[in-house]
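Worksheet: the structure to be examined is printed underneath.
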Amino acid sequence: MYIFILHLEIIFMSVSKKIYILGISAFYHDSSATLIQDGKIIAAVQEERFTRIKFDSSYPINSINYCLNVANIKIEDVNEVVYFEKNHLKFDRILKTYFKYLPKSLFQFSKAINLWLNEKLYIDKELANHLKWKQNVKSFTHHESHAASAFYPSPYEDAAILTLDGVGEWTCTSIAYGKKNKIKILQEINYPDSLGMIYSAFTEFSGFKVNEDEYKLMGLAPYGEPIYKDMIKDKLIKIFDDGSYKLNLKYFGFHYGRTTINKNFESLFGCKRKNNEEIRVLDQNMAASIQEVLNEIFIKLAMTAKKITGSKNLVIAGGVGLNCVANGKIVEKKIFENIWVQAASGDAGCSLGCALLAYYQKNERQVGVTNQKSSFLGPEFSDVEIQNILDNYSINYINFKNDDILLDTITKYLEAGKIIGLFQGRMEFGPRALGARSIIGDPRSVDMQKNMNLKIKYRESFRPFAPAILEEYVADYFTNFEKSPFMSFIFKLKPDKRLSHNSKEISLIERLNHKRSIFPAVTHVDYSARIQSVSKEENPLFYRIINNFYKKTNCPMIINTSFNVMGEPIVCKPIDALRCFFSNDMDILILNNFLITKENQKIESIGKINELEEFLK
Amino acid sequence: MKFFLFNLYLKVVLLIIFFPLSIILNIFNLKKTNNNNFRKKNYKKYFKIFKFRFYSPLSFFIFIFLFPFVRLLKFSKLKLFKPKRINIRQTPKQVASLVSYRVLNNLRLINKISDINKTNYTFFLQPLLYVAKPSTDIDKKLMQYISHQMYDGFTYQTYCKEFYNFLKESLRQDEELGSKFKDFTKIFSNTNDQRFVDPVHLGSIGQYECAKLISQTIKDNEKKLKL
C-alpha cells in the first residue's frame with residue numbers, strides 16, 4: 001500500500017512539475033531576459049529599461065531578477081538557461097573575416113582578439129558563474145533564436161520564417177520553415193552580405209548613429225526621391241531574382257574597420273553629414289533610395305520563401321524586420337495570406353526565441369500556448385506602490401476611483417490639445433510603446449507633430465508619429481490593412497481621406513506644415529502611417545481610452561508615441577515616468593488611476609525626482 | 001608589459017604570417033556568384049580541442065598562433081559583467097530643477113546658520129543677459145553670438161531661462177526663504193548704458209549700480225529691524 005501511494009505521489013509530482021526556461025540575450029546589443037513556463041511567456045524585458053542606458057548590452061541582471069520574481073522562483077527552480085548565440089561560431093567568423101581583409105583589418109583584428117581571449121570566448125561559463133547556475137548554459141545560433149521568436153509565439157500551425165538582421169554568427173538573412181514544434185533553416189545569406197550593414201551604412205552617411213538610429217532614416221525616406229536607387233543596385237548591391245543579394249565591399253568599411261562606409265562610398269555620393277549639421281536633400285534622397293532597394297529585396301525574399309515553403313503564413317524577425325515600410329510592402333503585394341511580425345524583432349527578442357527553442361526541442365507545440373497576442377510582458381505597479389511614490393515626493397495628484405470619470409477626463413484633455421503621458425499595466429517588450437508606456441495626443445491637431453517632436457521628445461521635427469486606431473475602423477481609413485497590434489506595418493491613408501498634394505520641391509520644414517489629412521499629426525508626407533490596430537481583447541486598457549475619445553469626437557484614433565525623451569529608453573517605473581513628465585512640456589501624467597498635472601507642484605519635489613541618485617534606485 | 005609584448009607579437013604574426021597567407025587564400029578563393037547568393041550550412045559540424053570549438057581548419061590554424069597566450073589573456077580585464085555607467089542626456093528642465101533644488105538646499109543651510117548666529121541675510125539673484133531683454137546694441141550682438149553655443153543639444157540660454165524660472169518659483173513657494181529674496185535679474189533691462197561685458201558678467205558700471213542697490217537693500221533691512 002505504502003509503495004503504491006509513493007508511486008502515485010511520484011506520478012503526480014512529475015505531471016504537475018512546471019518547466020521553467022530562462023532565455024538570455026546579452027553582450028552585443030539590447031540585452032534582455034525572458035522566462036517561459038511550460039511554453040507560456042511569463043515575463044520578458046529589456047535591460048535598458050532598468051539601467052536607463054538605451055540599447056544597454058550589459059549583463060541583464062535586473063531583467064533576470066525581474067523574470068524570476070514574477071514567477072516567484074529562484075534560479076535553482078529553473079530547468080534550463082539558454083543563451084541566444086553560439087560564441088565559438090561567432091569567433092570563427094571574426095577570425096576568418098579579419099584574416100581575409102588583412103592588412104586593413106590589422107587594428108580591429110588585434111582589438112578583437114584581446115577582447116575575445118579575455119572574456120567573450122567563455123561567456124557561457126561566466127554566465128553560469130554569475131547566475132550561480134550549476135548546469136551548462138545551452139545555446140542556439142542567433143538566427144535560430146530570431147526564427148523561433150517569430151514562429152512559436154505566432155498564431156500559425158506552420159509558417160515561412162524570414163529573419164533579417166545585421167549579423168549573427170555568420171548568417172545575415174535566412175529563410176526557414178516552421179511546422180508544429182520544428183524549425184528548419186532552408187536558405188541563408190552569410191556575412192559580409194548583410195542588409196543590416198548596408199542600411200547602417202546609409203544611416204551613418206546621413207549623420208545618424210549606427211545600430212541605434214536606423215528608424216530615423218526610415219522616417220526620413222518619404223521626404224526624398226529614390227534617385228539613387230539604380231546607382232545603389234549598380235554599384236553597391238547586386239540583387240538576384242530570388243531575393244538573395246551580394247554587397248560590393250569596395251564601398252564599405254564594416255568588415256575591417258570601425259566605420260560602415262569608406263572613402264569610395266563618399267566619393268560616389270558625397271561627404272557624409274555631420275551629426276550637428278542640417279539634414280540635406282541628399283540625405284532625404286539617399287534614405288528614399290535605400291528604402292526602395294530594401295523594399296525590392298523584401299518582396300523578392302518573401303516570394304522565394306513562399307515558393308520554397310509553400311506556406312500561406314509568413315513570420316518575420318530580426319533587426320531589419322523592424323522596417324515597417326518594407327513589411328508593409330509585403331502585405332501590399334499579398335504574397336502571403338497572413339503575416340505576423342515579432343514585437344521585439346531586434347536582438348532583445350532573441351532571449352524569447354532561444355528559450356522557446358529549448359522548450360520545443362522536447363515538447364509538442366499547440367498553437368496558442370505560446371501566446372503573444374499582446375506584448376505586455378514587463379513590470380507593472382499597483383495603485384498602492386504608485387501612491388506611496390507620489391506621497392514620498394510630495395506630488396499633488398487626483399486619484400480617480402471611477403474609471404469612467406478618468407476616461408472622460410482623458411478625452412477632455414486630449415480634445416483640448418493636451419499631451420498626456422500614459423503609464424498603466426505591464427510594460428511592453430520590444431521597442432514600441434503600445435499603450436502601457438505611451439505619450440498620447442489628438443491626431444487632428446496641425447501643430448501636434450512639430451510640438452511633440454520639439455517640446456516633448458526633443459527630437460528632429462521630421463519624425464512621424466504613429467496612430468493607435470480601433471481595429472474595427474482601420475479599414476475605413478487605410479488601404480491594404482493587415483492586423484498590426486505591434487506597429488509592424490506601414491499603410492497608406494485612403495485617397496478620400498487625404499487633403500492636399502504635397503510637392504516634393506518645397507523644403508522639409510515647409511512640407512511638415514502642410515495639412516495632409518484630417519489627422520495631420522499621424523499622416524506622414526507620403527500619406528503613410530505606421531499604424532497600431534488596437535483590439536478590445538488584446539489591449540483592453542488602451543482600447544477603452546481610444547474608444548471613449550471616439551465616442552466624444554468621432555475620431556477613432558489617437559497619437560501614440562513612446563514614453564521617453566530623445567536618447568532615453570522607454571520609462572519603466574513610476575519614478576521614471578515622473579522624471580520624464582517634469583523634464584519636458586507634457587501636460588498631464590496618468591499613472592494607473594492617478595492624474596498629475598504640472599500646476600501646483602512643488603519645485604522642490606521636481607528637483608528631488610531629478611536627483612540622479614534617486615532616479616537610479 | 002606582458003600585454004605590450006603580446007600585442008607586439010600579435011602584430012608581427014598578423015603582418016608576417018597571416019597577411020601573405022591571406023593574399024594566397026584570397027586568390028584561390030575567388031568564387032563567382034552566379035544567379036543567387038544563398039548558402040546551406042551545417043553549423044553542427046565542429047571539432048573540439050581543449051574545450052574550444054573549431055568550425056573550420058582555417059580558424060584552428062589562426063588559433064594555433066594565439067594559443068600560447070590564451071591563459072595570459074583569460075579574464076585579464078573583466079569588462080563584460082561590469083555594469084555600465086549611465087550617461088544620459090538631461091533636458092534643460094531636468095538640469096534647472098535639479099540645480100534650483102540644490103541652491104534651495106544651500107539657502108536653507110545659510111538660513112539655519114544665520115538663525116543660529118542671529119544675523120540677517122538677503123539672497124540676490126544676479127542680473128543675467130541670458131534671461132533679461134537685451135537693451136543695447138552690444139547686448140544684442142552678445143546674445144546673437146551666444147545663440148549658437150550649445151551644450152548637450154540645447155543653448156545655454158535655454159538652460160539659464162529654465163533655471164531662473166524654477167529658482168524664482170521655488171522661492172515663491174517657500175515663504176521664509178522668499179521673504180529674504182531680491183530679484184535683480186532684470187534691473188538693467190531698460191537702461192541704455194552698457195552694463196554687461198558678456199552674458200553673465202557685469203562691467204564696472206554694472207557692478208557699481210548693483211553694489212548701490214545691494215547697499216540700499218541692506219540699509220532698508222536695517223531700518224525695518226530697528227522699527
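Ligands are numbered from 1 in the order shown, chains are lettered A, B, ... in the order of the C-alpha cells, and residues start at 1 in each chain.
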* Can you check which residues of region 3-217 of chain B DSSP gives as alpha helix (DSSP H) on the backbone and send them as a ChimeraX atom specification? => /B:3-12,19-28,57-66,70-73,92-116,137-146,156-173,175-178,204-217
* To do: Please determine the contact residues of chain B with respect to chain A at a cut-off of 7 Å, counting only C-alpha atoms, and supply them as a ChimeraX atom specification.
  => /B:10,15,18-19,22,26,35-40,53,55,59,70,73-78,80-81,83,86,88-89,91,93-94,97-98,101,166,170
Please produce an output containing C-alpha atoms for each residue in the selection, written as a CSV table (one decimal), in the first residue's frame.
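See result10.csv below for the written result:
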```
chain,number,residue,atom,x,y,z
B,10,LEU,CA,50.3,39.6,-32.5
B,15,LEU,CA,51.7,41.1,-40.8
B,18,PHE,CA,48.8,35.9,-41.7
B,19,PHE,CA,48.9,38.7,-44.3
B,22,SER,CA,45.5,35.7,-46.6
B,26,ASN,CA,42.1,35.1,-51.4
B,35,ASN,CA,22.4,33.6,-60.1
B,36,ASN,CA,22.0,33.6,-56.3
B,37,ASN,CA,23.9,34.1,-53.1
B,38,PHE,CA,22.0,31.7,-50.8
B,39,ARG,CA,24.0,29.1,-48.9
B,40,LYS,CA,23.2,26.0,-47.0
B,53,ARG,CA,35.2,24.5,-30.7
B,55,TYR,CA,34.3,25.2,-37.1
B,59,SER,CA,40.2,29.2,-37.7
B,70,VAL,CA,45.1,32.1,-24.0
B,73,LEU,CA,44.6,36.9,-21.5
B,74,LYS,CA,41.8,34.9,-19.9
B,75,PHE,CA,39.9,37.2,-17.6
B,76,SER,CA,42.7,39.8,-17.6
B,77,LYS,CA,40.4,42.8,-18.0
B,78,LEU,CA,37.0,41.9,-16.8
B,80,LEU,CA,31.5,42.3,-19.8
B,81,PHE,CA,29.8,41.7,-16.5
B,83,PRO,CA,27.6,47.5,-15.0
B,86,ILE,CA,24.9,55.9,-17.1
B,88,ILE,CA,22.0,60.2,-20.1
B,89,ARG,CA,21.2,63.4,-21.8
B,91,THR,CA,16.8,68.2,-20.7
B,93,LYS,CA,14.0,71.4,-17.3
B,94,GLN,CA,15.8,68.5,-15.6
B,97,SER,CA,15.0,71.7,-11.4
B,98,LEU,CA,18.0,69.8,-10.0
B,101,TYR,CA,16.7,72.2,-5.7
B,166,PHE,CA,12.5,77.3,-11.4
B,170,SER,CA,10.7,77.6,-5.7
```
* Compile the contact shell of Leu202 (chain B) as a list of chain:residue names: residues with an atom at most 12 Å away, counting only C-alpha atoms, same-chain residues fewer than 4 positions apart removed. =>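 Near Leu202 (chain B), the qualifying residues are B:Gln126, B:Pro127, B:Leu128, B:Leu129, B:Asp139, B:Phe188, B:Asp193, B:Gln194, B:Arg195, B:Phe196, B:Val197, B:Asp198, B:Gly206, B:Gln207, B:Tyr208, B:Glu209, B:Cys210, B:Ala211.
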* Asked: Can you list, as a list in words, every protein, DNA or RNA residue that comes within 8 Å of Tyr156 (chain B) when you count only C-alpha atoms, leaving out same-chain residues fewer than 3 positions away?
  -> Tyr130, Ile146, Ser147, Gln149, Met150, Tyr151, Tyr159 and Cys160 of chain B
Residue subset to file, keeping C-alpha atoms, as an mmCIF file, in the first residue's frame:
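Done, and the output landed in out.cif:
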```cif
data_model
loop_
_atom_site.group_PDB
_atom_site.id
_atom_site.type_symbol
_atom_site.label_atom_id
_atom_site.label_comp_id
_atom_site.auth_asym_id
_atom_site.auth_seq_id
_atom_site.Cartn_x
_atom_site.Cartn_y
_atom_site.Cartn_z
ATOM 1 C CA TYR B 130 20.562 85.297 -20.823
ATOM 2 C CA ILE B 146 25.957 83.072 -27.846
ATOM 3 C CA SER B 147 22.758 81.915 -29.501
ATOM 4 C CA GLN B 149 26.600 77.982 -28.233
ATOM 5 C CA MET B 150 25.132 74.635 -27.356
ATOM 6 C CA TYR B 151 25.555 72.215 -24.510
ATOM 7 C CA TYR B 159 19.198 76.237 -19.570
ATOM 8 C CA CYS B 160 19.528 79.627 -17.842
#
```
* Find the spatial neighbours of Gly39 (chain A), counting only C-alpha atoms, within a cut-off of 7 Å - ignore same-chain residues fewer than 6 positions away - and output them as a list in words. =>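 Once the adjacent positions are removed, what remains is Leu356, Tyr359, Val369 and Thr370 of chain A.
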* To do: Calculate how many Å separate CA of Phe491 (chain A) from CA of Val331 (chain A), rounding to one decimal.
  =>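 Going from CA of Phe491 (chain A) over to CA of Val331 (chain A) covers 9.1 Å.
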Can you list, as a PDB file with C-alpha atoms, in the first residue's frame, every protein, DNA or RNA residue that comes within 8 Å of Phe542 (chain A) when you count only C-alpha atoms, leaving out same-chain residues fewer than 6 positions away?
```pdb
ATOM      1  CA  GLY A 435      -0.377  51.886 -24.715  1.00  0.00           C
ATOM      2  CA  ALA A 436       1.222  50.884 -21.433  1.00  0.00           C
ATOM      3  CA  VAL A 534      -5.995  48.206 -31.065  1.00  0.00           C
TER       4      VAL A 534
END
```
* Tell me, as a PyMOL selection string, which residues lie within 9 Å of Gln284 (chain A), counting only C-alpha atoms; anything in the same chain fewer than 2 positions away does not count. => chain A and resi 206+217+220-226+279-282+286-289
File of the preceding selection, C-alpha atoms, as a PDB file, in the first residue's frame:
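The resulting part_21.pdb:
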```pdb
ATOM      1  CA  SER A 206      23.084  60.576 -43.214  1.00  0.00           C
ATOM      2  CA  LEU A 217      16.469  57.000 -41.739  1.00  0.00           C
ATOM      3  CA  LEU A 220      13.275  60.419 -43.425  1.00  0.00           C
ATOM      4  CA  ALA A 221      12.734  58.356 -46.591  1.00  0.00           C
ATOM      5  CA  PRO A 222       9.285  59.715 -47.581  1.00  0.00           C
ATOM      6  CA  TYR A 223      10.732  63.237 -47.796  1.00  0.00           C
ATOM      7  CA  GLY A 224      13.103  62.233 -50.584  1.00  0.00           C
ATOM      8  CA  GLU A 225      13.088  60.865 -54.110  1.00  0.00           C
ATOM      9  CA  PRO A 226      14.707  57.480 -54.789  1.00  0.00           C
ATOM     10  CA  ILE A 279      19.530  67.416 -42.894  1.00  0.00           C
ATOM     11  CA  ARG A 280      20.267  67.802 -46.581  1.00  0.00           C
ATOM     12  CA  VAL A 281      18.166  66.966 -49.635  1.00  0.00           C
ATOM     13  CA  LEU A 282      20.917  64.442 -50.384  1.00  0.00           C
ATOM     14  CA  MET A 286      19.603  58.605 -50.012  1.00  0.00           C
ATOM     15  CA  ALA A 287      17.090  57.477 -47.394  1.00  0.00           C
ATOM     16  CA  ALA A 288      14.364  57.145 -50.036  1.00  0.00           C
ATOM     17  CA  SER A 289      16.682  55.249 -52.378  1.00  0.00           C
TER      18      SER A 289
END
```
* Determine which residues of chain B DSSP labels as strand (DSSP E) from the backbone of this structure, then write them out as a PyMOL selection string. => chain B and resi 47-49+52-54+123-125+150-151+154-155+181-183
